[in-house]
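Participant: Handing over work-v9.csv, CSV, C-alpha atoms and all ligand atoms.
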chain,number,residue,atom,x,y,z
N,1,MET,CA,13.9,-58.9,167.3
N,2,ILE,CA,10.5,-58.3,165.8
N,3,THR,CA,10.5,-57.0,162.2
N,4,LEU,CA,7.4,-55.7,160.5
N,5,SER,CA,8.0,-55.6,156.8
N,6,HIS,CA,5.6,-53.9,154.4
N,7,ILE,CA,2.5,-54.8,156.4
N,8,ASN,CA,-0.9,-53.9,154.9
N,9,LYS,CA,-4.2,-54.8,156.5
N,10,ILE,CA,-7.4,-54.3,154.6
N,11,TYR,CA,-10.7,-55.2,156.4
N,12,GLU,CA,-13.1,-56.5,153.8
N,13,SER,CA,-16.9,-56.5,154.2
N,14,LYS,CA,-19.8,-56.8,151.7
N,15,GLU,CA,-20.2,-53.1,151.7
N,16,GLU,CA,-16.7,-51.8,151.7
N,17,SER,CA,-13.0,-52.5,152.1
N,18,PHE,CA,-11.0,-50.4,154.7
N,19,CYS,CA,-7.3,-50.1,154.8
N,20,ALA,CA,-6.4,-50.1,158.5
N,21,LEU,CA,-2.6,-50.5,158.0
N,22,SER,CA,-0.6,-49.2,155.1
N,23,ASP,CA,3.0,-50.3,154.4
N,24,ILE,CA,4.2,-50.5,158.0
N,25,ASN,CA,7.9,-51.1,158.4
N,26,LEU,CA,9.3,-51.4,161.9
N,27,ASP,CA,12.1,-53.1,163.8
N,28,ILE,CA,11.4,-53.7,167.5
N,29,HIS,CA,14.7,-54.5,169.2
N,30,ASP,CA,15.4,-57.0,172.0
N,31,GLN,CA,15.1,-55.4,175.5
N,32,GLU,CA,13.8,-52.1,174.3
N,33,ILE,CA,10.7,-50.3,175.5
N,34,LEU,CA,8.8,-49.0,172.5
N,35,GLY,CA,5.8,-46.7,172.6
N,36,ILE,CA,3.2,-46.8,169.8
N,37,VAL,CA,0.9,-43.8,170.0
N,38,GLY,CA,-1.9,-42.4,167.9
N,39,LEU,CA,-5.4,-41.1,168.1
N,40,SER,CA,-8.4,-43.5,168.1
N,41,GLY,CA,-8.7,-45.4,164.8
N,42,ALA,CA,-5.0,-44.9,163.9
N,43,GLY,CA,-4.5,-48.7,163.6
N,44,LYS,CA,-2.6,-49.4,166.9
N,45,SER,CA,-4.8,-52.4,168.0
N,46,THR,CA,-4.7,-53.8,164.5
N,47,LEU,CA,-1.0,-53.6,164.5
N,48,VAL,CA,-0.6,-55.3,167.8
N,49,ARG,CA,-2.9,-58.1,166.7
N,50,CYS,CA,-0.8,-58.6,163.7
N,51,ILE,CA,2.3,-58.9,165.9
N,52,ASN,CA,0.9,-61.6,168.1
N,53,GLY,CA,-0.6,-63.5,165.2
N,54,LEU,CA,-4.3,-62.9,166.2
N,55,ILE,CA,-5.0,-61.4,162.8
N,56,LYS,CA,-3.2,-62.0,159.5
N,57,PRO,CA,-2.0,-59.0,157.5
N,58,THR,CA,-3.4,-58.8,154.0
N,59,SER,CA,0.2,-58.6,152.8
N,60,GLY,CA,3.7,-58.2,154.3
N,61,ASP,CA,5.6,-60.2,156.9
N,62,VAL,CA,5.8,-60.2,160.7
N,63,ILE,CA,9.2,-61.8,161.5
N,64,ILE,CA,9.9,-62.7,165.1
N,65,ASP,CA,13.5,-63.8,165.9
N,66,GLY,CA,14.0,-64.7,162.2
N,67,VAL,CA,10.7,-66.6,161.7
N,68,LYS,CA,7.8,-65.4,159.5
N,69,ILE,CA,5.0,-66.1,161.9
N,70,HIS,CA,2.1,-66.1,159.4
N,71,ASP,CA,3.8,-69.0,157.6
N,72,LEU,CA,3.7,-71.1,160.7
N,73,LYS,CA,1.3,-74.0,161.4
N,74,GLN,CA,-1.2,-73.3,164.1
N,75,GLU,CA,0.7,-75.5,166.6
N,76,ASP,CA,4.0,-73.7,165.9
N,77,LEU,CA,2.3,-70.3,166.1
N,78,ASN,CA,0.9,-71.3,169.5
N,79,ARG,CA,4.3,-72.2,170.7
N,80,MET,CA,5.7,-68.9,169.4
N,81,ARG,CA,3.0,-67.1,171.4
N,82,TYR,CA,4.7,-68.3,174.7
N,83,ASP,CA,7.3,-65.7,173.9
N,84,ILE,CA,4.8,-62.9,173.3
N,85,SER,CA,2.5,-62.0,176.2
N,86,MET,CA,-0.2,-59.4,176.3
N,87,ILE,CA,-1.9,-57.1,178.8
N,88,PHE,CA,-5.2,-55.4,178.1
N,89,GLN,CA,-7.1,-52.2,178.9
N,90,HIS,CA,-9.9,-54.1,180.7
N,91,PHE,CA,-7.6,-56.7,182.3
N,92,ASN,CA,-9.4,-59.8,180.9
N,93,LEU,CA,-9.3,-61.7,184.2
N,94,VAL,CA,-11.6,-64.8,184.8
N,95,SER,CA,-14.1,-63.5,187.3
N,96,ASN,CA,-14.8,-66.8,189.1
N,97,LEU,CA,-11.1,-67.6,189.6
N,98,THR,CA,-8.9,-66.2,192.4
N,99,VAL,CA,-5.8,-64.0,191.8
N,100,TYR,CA,-3.7,-67.1,192.3
N,101,GLN,CA,-5.8,-69.3,189.9
N,102,ASN,CA,-5.9,-66.5,187.2
N,103,ILE,CA,-2.1,-66.5,187.1
N,104,LYS,CA,-1.8,-70.3,187.3
N,105,LEU,CA,-3.9,-70.6,184.2
N,106,ALA,CA,-1.1,-69.2,182.2
N,107,LEU,CA,1.2,-72.0,183.4
N,108,ASN,CA,-1.2,-74.7,182.3
N,109,ILE,CA,0.3,-74.5,178.8
N,110,LYS,CA,3.5,-75.9,180.1
N,111,LYS,CA,4.0,-79.1,182.1
N,112,TYR,CA,5.3,-77.8,185.4
N,113,ASP,CA,4.9,-79.9,188.5
N,114,LYS,CA,2.7,-78.5,191.3
N,115,ASN,CA,5.5,-77.3,193.5
N,116,LEU,CA,7.2,-75.4,190.7
N,117,ARG,CA,3.9,-73.9,189.7
N,118,ASP,CA,3.2,-72.6,193.2
N,119,GLN,CA,6.7,-71.2,193.4
N,120,LYS,CA,6.4,-69.4,190.0
N,121,VAL,CA,3.0,-67.9,190.9
N,122,ASP,CA,4.3,-66.8,194.3
N,123,GLU,CA,7.4,-65.2,192.7
N,124,VAL,CA,5.4,-63.0,190.3
N,125,LEU,CA,2.8,-62.2,193.0
N,126,LYS,CA,5.6,-60.8,195.1
N,127,LEU,CA,7.0,-58.9,192.1
N,128,VAL,CA,3.7,-57.2,191.4
N,129,GLY,CA,3.0,-56.6,195.2
N,130,LEU,CA,-0.1,-58.8,195.5
N,131,PHE,CA,1.2,-61.7,197.5
N,132,ASP,CA,-1.2,-60.9,200.3
N,133,LYS,CA,-4.2,-60.8,198.0
N,134,LYS,CA,-3.6,-64.1,196.2
N,135,ASN,CA,-6.9,-65.7,197.4
N,136,ARG,CA,-9.1,-62.8,196.4
N,137,TYR,CA,-11.5,-62.8,193.4
N,138,PRO,CA,-11.1,-60.0,190.8
N,139,LYS,CA,-14.3,-58.3,192.0
N,140,ALA,CA,-12.6,-57.6,195.3
N,141,LEU,CA,-9.6,-55.8,193.6
N,142,SER,CA,-9.1,-52.2,192.5
N,143,GLY,CA,-8.4,-51.4,188.8
N,144,GLY,CA,-4.7,-51.0,189.5
N,145,GLU,CA,-4.6,-54.4,191.3
N,146,LYS,CA,-6.5,-56.1,188.5
N,147,GLN,CA,-3.9,-54.8,186.0
N,148,ARG,CA,-1.1,-56.1,188.4
N,149,VAL,CA,-2.7,-59.5,188.1
N,150,GLY,CA,-2.8,-59.1,184.3
N,151,ILE,CA,0.9,-58.3,184.4
N,152,ALA,CA,1.7,-61.2,186.7
N,153,ARG,CA,-0.2,-63.6,184.4
N,154,ALA,CA,1.6,-62.2,181.3
N,155,ILE,CA,5.1,-62.6,182.7
N,156,VAL,CA,4.8,-65.8,184.7
N,157,ASN,CA,6.1,-67.8,181.7
N,158,HIS,CA,9.1,-65.5,181.2
N,159,PRO,CA,8.1,-64.3,177.7
N,160,LYS,CA,10.6,-62.3,175.6
N,161,TYR,CA,8.0,-59.7,174.5
N,162,LEU,CA,5.2,-58.0,176.4
N,163,LEU,CA,2.5,-56.2,174.4
N,164,CYS,CA,0.5,-53.7,176.3
N,165,ASP,CA,-2.7,-52.5,174.6
N,166,GLU,CA,-4.0,-49.4,176.3
N,167,ALA,CA,-2.9,-51.0,179.6
N,168,THR,CA,-3.3,-47.8,181.6
N,169,SER,CA,-6.2,-46.2,179.8
N,170,ALA,CA,-8.8,-47.4,182.3
N,171,LEU,CA,-6.8,-46.2,185.3
N,172,ASP,CA,-6.5,-42.9,187.1
N,173,GLN,CA,-3.3,-40.9,186.8
N,174,LYS,CA,-1.6,-42.0,190.0
N,175,THR,CA,-2.5,-45.7,189.4
N,176,SER,CA,-1.3,-45.4,185.8
N,177,TYR,CA,2.1,-44.1,187.0
N,178,ASP,CA,2.3,-47.0,189.5
N,179,ILE,CA,1.8,-49.4,186.7
N,180,VAL,CA,4.4,-47.6,184.6
N,181,ASN,CA,6.9,-47.9,187.5
N,182,LEU,CA,6.1,-51.6,187.9
N,183,LEU,CA,6.7,-52.2,184.1
N,184,LYS,CA,10.0,-50.3,184.4
N,185,GLU,CA,11.0,-52.5,187.4
N,186,ILE,CA,10.0,-55.7,185.5
N,187,HIS,CA,12.0,-54.5,182.5
N,188,GLN,CA,15.1,-53.9,184.6
N,189,LYS,CA,14.8,-57.3,186.3
N,190,THR,CA,14.0,-59.4,183.3
N,191,ASN,CA,15.1,-57.4,180.2
N,192,ILE,CA,11.8,-58.2,178.6
N,193,SER,CA,11.0,-56.1,175.5
N,194,ILE,CA,7.9,-53.9,176.1
N,195,ILE,CA,5.7,-52.6,173.3
N,196,PHE,CA,3.3,-50.1,174.9
N,197,ILE,CA,0.3,-49.1,172.7
N,198,THR,CA,-1.6,-46.0,173.9
N,199,HIS,CA,-3.2,-42.8,173.1
N,200,GLN,CA,-1.7,-41.3,176.3
N,201,ILE,CA,1.6,-39.7,175.2
N,202,GLU,CA,2.2,-38.6,178.8
N,203,ILE,CA,2.6,-42.3,179.8
N,204,VAL,CA,5.0,-42.9,176.9
N,205,LYS,CA,7.2,-40.0,178.0
N,206,ASP,CA,8.0,-41.7,181.3
N,207,LEU,CA,8.2,-45.3,180.1
N,208,CYS,CA,9.6,-45.5,176.6
N,209,GLU,CA,13.0,-45.0,175.0
N,210,ARG,CA,11.6,-44.7,171.5
N,211,VAL,CA,8.2,-43.7,170.2
N,212,VAL,CA,6.3,-44.5,167.0
N,213,VAL,CA,3.4,-42.2,166.1
N,214,MET,CA,0.6,-43.7,163.9
N,215,ASP,CA,-2.0,-41.9,161.9
N,216,LYS,CA,-4.6,-43.4,159.5
N,217,GLY,CA,-2.8,-46.7,159.4
N,218,LYS,CA,0.7,-45.3,158.7
N,219,ILE,CA,3.8,-44.7,160.8
N,220,ILE,CA,4.3,-40.9,160.7
N,221,GLU,CA,7.2,-40.6,163.2
N,222,ASP,CA,9.7,-43.1,164.6
N,223,ARG,CA,12.0,-41.3,167.0
N,224,PRO,CA,13.8,-41.4,170.3
N,225,THR,CA,11.3,-40.1,172.9
N,226,LYS,CA,13.4,-37.0,173.9
N,227,ASP,CA,13.8,-36.0,170.2
N,228,LEU,CA,10.1,-36.3,169.7
N,229,PHE,CA,9.3,-34.0,172.6
N,230,ILE,CA,11.9,-31.4,171.6
N,231,ASN,CA,11.1,-31.3,167.9
N,232,PRO,CA,7.9,-33.0,166.8
N,233,HIS,CA,7.7,-33.1,163.0
N,234,MET,CA,4.0,-33.8,162.4
N,235,ASP,CA,0.9,-31.8,163.4
N,236,ILE,CA,-0.7,-34.8,165.1
N,237,THR,CA,2.5,-35.3,167.3
N,238,LYS,CA,2.5,-31.6,168.1
N,239,SER,CA,-1.1,-31.6,169.2
N,240,LEU,CA,-0.5,-34.8,171.3
N,241,ILE,CA,2.4,-33.1,173.0
N,242,LYS,CA,0.5,-29.8,173.5
N,243,GLN,CA,-2.1,-31.8,175.6
N,244,VAL,CA,0.7,-32.8,178.0
N,245,ILE,CA,2.1,-29.3,178.2
N,246,ASP,CA,-1.5,-28.1,179.0
N,247,GLU,CA,-1.2,-24.8,177.2
N,248,PRO,CA,-3.3,-22.2,179.0
N,249,THR,CA,-6.4,-20.9,177.3
N,250,HIS,CA,-5.1,-17.3,177.2
N,251,LEU,CA,-2.6,-18.5,174.5
N,252,LYS,CA,-5.4,-19.6,172.2
N,253,ASN,CA,-5.6,-17.5,169.0
N,254,LYS,CA,-2.5,-15.5,170.0
N,255,GLN,CA,0.8,-15.2,168.1
N,256,TYR,CA,3.6,-16.4,170.2
N,257,LEU,CA,6.9,-18.3,170.1
N,258,GLU,CA,7.6,-21.6,171.8
N,259,LEU,CA,11.2,-21.9,173.0
N,260,VAL,CA,12.3,-25.4,173.8
N,261,TYR,CA,15.4,-25.7,176.1
N,262,HIS,CA,16.8,-29.2,175.9
N,263,HIS,CA,20.6,-29.0,175.8
N,264,GLU,CA,22.1,-30.2,179.1
N,265,HIS,CA,24.6,-27.4,179.3
N,266,VAL,CA,22.3,-24.7,177.8
N,267,ASP,CA,23.5,-21.3,179.0
N,268,ASP,CA,20.8,-19.7,181.2
N,269,THR,CA,21.7,-16.2,180.1
N,270,ILE,CA,21.0,-16.6,176.4
N,271,LEU,CA,17.6,-14.9,176.6
N,272,SER,CA,19.0,-11.8,178.5
N,273,HIS,CA,21.9,-11.6,176.0
N,274,MET,CA,19.4,-11.7,173.2
N,275,ILE,CA,17.4,-8.9,174.7
N,276,LYS,CA,20.5,-6.7,175.1
N,277,LYS,CA,22.1,-7.6,171.8
N,278,TYR,CA,19.0,-7.1,169.6
N,279,ASP,CA,17.1,-4.5,171.6
N,280,ILE,CA,14.1,-6.8,172.0
N,281,ASP,CA,11.3,-6.7,174.5
N,282,VAL,CA,10.2,-10.1,175.8
N,283,ASN,CA,6.7,-10.8,177.2
N,284,ILE,CA,6.8,-14.1,179.0
N,285,LEU,CA,3.4,-15.8,178.7
N,286,PHE,CA,3.9,-19.2,180.2
N,287,ALA,CA,6.6,-21.7,181.2
N,288,LYS,CA,6.7,-25.4,181.9
N,289,THR,CA,9.2,-28.2,182.3
N,290,LEU,CA,8.6,-31.8,181.3
N,291,THR,CA,10.7,-34.8,182.5
N,292,VAL,CA,11.2,-37.2,179.6
N,293,GLY,CA,12.9,-40.4,180.9
N,294,ASN,CA,15.7,-38.9,183.1
N,295,GLN,CA,16.1,-35.6,181.3
N,296,THR,CA,14.3,-32.3,181.7
N,297,ILE,CA,13.0,-30.2,178.8
N,298,GLY,CA,12.0,-26.6,179.4
N,299,TYR,CA,9.2,-24.9,177.4
N,300,LEU,CA,9.0,-21.1,177.4
N,301,TYR,CA,6.2,-19.3,175.6
N,302,VAL,CA,7.0,-15.7,174.8
N,303,GLU,CA,6.1,-12.8,172.6
N,304,LEU,CA,9.1,-10.9,171.1
N,305,ILE,CA,8.7,-7.2,170.3
N,306,GLY,CA,11.3,-5.2,168.3
N,307,ASP,CA,12.7,-4.6,164.9
N,308,ASN,CA,15.4,-7.3,165.1
N,309,LYS,CA,13.0,-10.1,165.9
N,310,SER,CA,14.2,-12.5,163.1
N,311,LYS,CA,17.8,-11.9,164.0
N,312,ALA,CA,17.0,-12.6,167.6
N,313,ILE,CA,15.3,-15.9,166.7
N,314,LYS,CA,18.4,-16.9,164.7
N,315,TYR,CA,20.5,-16.1,167.7
N,316,LEU,CA,18.4,-18.4,169.9
N,317,VAL,CA,18.5,-21.2,167.3
N,318,SER,CA,22.3,-20.9,167.0
N,319,ASN,CA,22.4,-21.4,170.8
N,320,GLU,CA,20.6,-24.7,170.6
N,321,ILE,CA,17.2,-23.5,171.6
N,322,GLU,CA,14.4,-24.9,169.4
N,323,VAL,CA,12.1,-22.1,168.3
N,324,ARG,CA,8.6,-22.7,166.9
N,325,GLU,CA,6.2,-19.9,165.9
N,326,TYR,CA,2.5,-20.3,166.6
N,327,ALA,CA,-0.2,-18.0,165.2
D,401,LIG,N1,-12.9,-55.9,162.0
D,401,LIG,C1,-12.9,-54.7,161.4
D,401,LIG,N2,-13.6,-54.5,160.3
D,401,LIG,C2,-13.6,-53.3,159.7
D,401,LIG,N3,-12.8,-52.2,160.1
D,401,LIG,C3,-12.1,-52.4,161.2
D,401,LIG,C4,-12.1,-53.7,162.0
D,401,LIG,N4,-11.3,-53.5,163.0
D,401,LIG,C5,-10.9,-52.2,163.0
D,401,LIG,N5,-11.4,-51.6,161.9
D,401,LIG,C6,-11.1,-50.2,161.6
D,401,LIG,O1,-9.7,-50.0,161.4
D,401,LIG,C7,-9.3,-48.8,161.9
D,401,LIG,C8,-8.2,-49.0,163.0
D,401,LIG,O2,-8.7,-49.6,164.1
D,401,LIG,P1,-7.9,-50.0,165.4
D,401,LIG,O3,-8.8,-50.6,166.4
D,401,LIG,O4,-6.7,-50.8,164.9
D,401,LIG,O5,-7.4,-48.5,165.8
D,401,LIG,P2,-6.8,-48.0,167.2
D,401,LIG,O6,-5.7,-47.0,166.9
D,401,LIG,O7,-6.4,-49.2,168.0
D,401,LIG,O8,-8.0,-47.2,167.8
D,401,LIG,P3,-8.5,-47.2,169.4
D,401,LIG,O9,-7.4,-46.5,170.1
D,401,LIG,O10,-9.8,-46.5,169.3
D,401,LIG,O11,-8.7,-48.7,169.8
D,401,LIG,C9,-10.5,-48.1,162.5
D,401,LIG,O12,-11.0,-47.1,161.6
D,401,LIG,C10,-11.5,-49.2,162.7
D,401,LIG,O13,-12.8,-48.8,162.4
For this file, write the structure as structure tokens.

Facilitator:
Amino acid sequence: MITLSHINKIYESKEESFCALSDINLDIHDQEILGIVGLSGAGKSTLVRCINGLIKPTSGDVIIDGVKIHDLKQEDLNRMRYDISMIFQHFNLVSNLTVYQNIKLALNIKKYDKNLRDQKVDEVLKLVGLFDKKNRYPKALSGGEKQRVGIARAIVNHPKYLLCDEATSALDQKTSYDIVNLLKEIHQKTNISIIFITHQIEIVKDLCERVVVMDKGKIIEDRPTKDLFINPHMDITKSLIKQVIDEPTHLKNKQYLELVYHHEHVDDTILSHMIKKYDIDVNILFAKTLTVGNQTIGYLYVELIGDNKSKAIKYLVSNEIEVREYA
């Protein structure tokens, strides 16, 4: 388990001091897939660099499997890093080495004999689907293939934790989802913990069981993914989710209600009951479903017209429909 306890990070320069992380407290459990989302500048990269020991927090502790990593000697910290691998937005491959050699580099830190090395590289190449391209150089690979090499290099030593820093941000949508599916497959086969840092909440929705939202160096929400999509508490989370729902322009500057259907056994006739019971007219503006993990959430955008509007809303809420008013 990784525990972050009261982490603060202040960047000091001659001109100013800037607080990039403020009292971060977080437990990352073994074998979980955790998403860390936030807008640019929220502090995500600083946080990930504290976790892998690349930067030292100004105060607070990073505790990995019971060990405070910033108290370790450099040699012990390096050994600890075998357990924490990382993949990057721009892949960080060595351009004058082949795919095979890039992956083999990661094995140089341990004393494997040549046969075992070849076997391990071949195993991960098959897992990421690049066995037939092992002798290519990075310039002859697509972005998605480069990231597959990055993933293969990161997992070849069987680390316990995989940190992904904006790992899909440089890829198109289809390739991003291919990488997400590959990470899911690796998680299933190896039980590695995955910490996925991104500004793309749509990626997190398919990959992660739990999501932490950061803003201005603080954690502002830490929730199971489905709960976050059903009932986001903070404005930043709401606006991130709205981007995924792709609200049409005709809703801008209009008063409307967002009805969120999430209960598995929600009764489909609730809306028509409400219309009859409270003599309400409903104008349906827009509808959308989102699949979060293996569950579907329905979003319905409506105007309610009638004298019993507030009673009608109470009726919807009592029937397990989340209702949010937008003006
Ligand atoms: N070395 C540094 N010196 C001073 N300020 C820094 C330094 N590194 C980062 N910052 C500041 O800390 C804040 C958080 O930066 P960080 O890179 O962690 O955010 P982020 O959420 O990863 O953003 P992005 O998604 O754009 O990479 C930013 O305001 C940034 O300007």

Participant: Check which residues fall inside 9 Å of ligand LIG 401 (chain D) when counting all atoms listed in the file, and print them as a VMD selection string.

Facilitator: chain N and resid 9 to 13 16 to 21 37 to 49 165 to 166 197 to 199 214 to 217

Participant: Rank N:Glu185, N:Ile155, N:Pro138, N:Asn319 by their smallest atom-to-atom distance to Asp83 in chain N, using all atoms listed in the file, and report the top residue only.

Facilitator: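 Looking at the shortest contact to Asp83 in chain N, the residue is N:Ile155.
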
Participant: Using only C-alpha atoms, which of N:Arg148, N:His273, N:Lys160, N:Lys288 sits nearest Ile64 in chain N?

Facilitator: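 Comparing N:Arg148, N:His273, N:Lys160, N:Lys288 against Ile64 in chain N, the winner is N:Lys160.
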
Participant: Nearest to His6 in chain N: which of N:Lys218, N:Lys139, N:Lys73, N:Lys146 is it, counting all atoms listed in the file?

Facilitator: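 Nearest candidate to His6 in chain N out of N:Lys218, N:Lys139, N:Lys73, N:Lys146: N:Lys218.
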
Participant: At what distance in Å, to one decimal, does CA of Glu123 in chain N lie from CA of Gly150 in chain N?

Facilitator: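 The value is 14.6 Å.
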
Participant: Give me the residues near Ser310 in chain N as a list in words, where near means some atom within 12 Å (using all atoms listed in the file) and where sequence neighbours in that chain fewer than 2 positions away do not count.

Facilitator: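 Using all atoms listed in the file, the neighbours found are Leu257, Met274, Tyr278, Ile280, Leu304, Ile305, Gly306, Asp307, Asn308, Ala312, Ile313, Lys314, Tyr315, Leu316, Val317, Val323 and Glu325 of chain N.
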
Participant: Of the candidates N:Glu209, N:Asp281, N:Asp246, N:Asp222, which one gets nearest to Asn25 in chain N if we count all atoms listed in the file?

Facilitator: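 Closest to Asn25 in chain N of all the choices is N:Asp222.
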
Participant: May I have the residues within 9 Å of range 151-153 of chain N as a short mmCIF file (atom, residue, chain, number, x, y, z; two decimals) with C-alpha atoms, keeping the file's coordinate frame, using all atoms listed in the file and disregarding those fewer than 6 positions away in the same chain?

Facilitator:
data_model
loop_
_atom_site.label_atom_id
_atom_site.label_comp_id
_atom_site.auth_asym_id
_atom_site.auth_seq_id
_atom_site.Cartn_x
_atom_site.Cartn_y
_atom_site.Cartn_z
CA SER N 85 2.50 -62.00 176.20
CA MET N 86 -0.20 -59.40 176.30
CA ILE N 87 -1.90 -57.10 178.80
CA PHE N 91 -7.60 -56.70 182.30
CA ASN N 102 -5.90 -66.50 187.20
CA ILE N 103 -2.10 -66.50 187.10
CA LYS N 104 -1.80 -70.30 187.30
CA LEU N 105 -3.90 -70.60 184.20
CA ALA N 106 -1.10 -69.20 182.20
CA LEU N 107 1.20 -72.00 183.40
CA VAL N 121 3.00 -67.90 190.90
CA VAL N 124 5.40 -63.00 190.30
CA LEU N 125 2.80 -62.20 193.00
CA LEU N 127 7.00 -58.90 192.10
CA VAL N 128 3.70 -57.20 191.40
CA LEU N 183 6.70 -52.20 184.10
#

Participant: For Val211 in chain N, work out the shell of residues within 12 Å, counting only C-alpha atoms and skipping chain neighbours fewer than 3 positions away, then give it as number ranges by chain.

Facilitator: N: 26, 28, 32-38, 194-208, 214, 219-229, 232, 237, 292

Participant: Please report the interatomic distance between CA of Tyr161 in chain N and CA of Ile55 in chain N in Å with one decimal.

Facilitator: 17.6 Å

Participant: Could you give me, as a list in words, the residues within 12 Å of Leu171 in chain N, counting only C-alpha atoms and dropping anything in the same chain fewer than 2 positions from it?

Facilitator: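 Non-adjacent residues within range: Phe88, Gln89, His90, Phe91, Ser142, Gly143, Gly144, Glu145, Lys146, Gln147, Arg148, Glu166, Ala167, Thr168, Ser169, Gln173, Lys174, Thr175, Ser176, Tyr177, Asp178, Ile179, Val180, Gln200 and Ile203 of chain N.
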
Participant: At what distance in Å, to one decimal, does CA of Ser272 in chain N lie from CA of Leu285 in chain N?

Facilitator: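 Taking CA of Leu285 in chain N as the start and CA of Ser272 in chain N as the end point, the length is 16.1 Å.
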
Participant: Which polymer residues, whether protein, DNA or RNA, lie within 10 Å of the coordinate (4.8, -13.3, 170.4) when you count all atoms listed in the file? List them as number ranges by chain, using the chain letters and numbers from the file.

Facilitator: N: 251, 254-258, 282-285, 301-305, 309, 325-327

Participant: Nearest to Asp65 in chain N: which of N:Met80, N:Val212, N:Met234, N:Leu259 is it, counting all atoms listed in the file?

Facilitator: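 The closest residue to Asp65 in chain N is N:Met80.
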
Participant: For Asn231 in chain N, which residue out of N:Phe131, N:Tyr82, N:Tyr299, N:Tyr112 is the nearest one, using all atoms listed in the file?

Facilitator: N:Tyr299
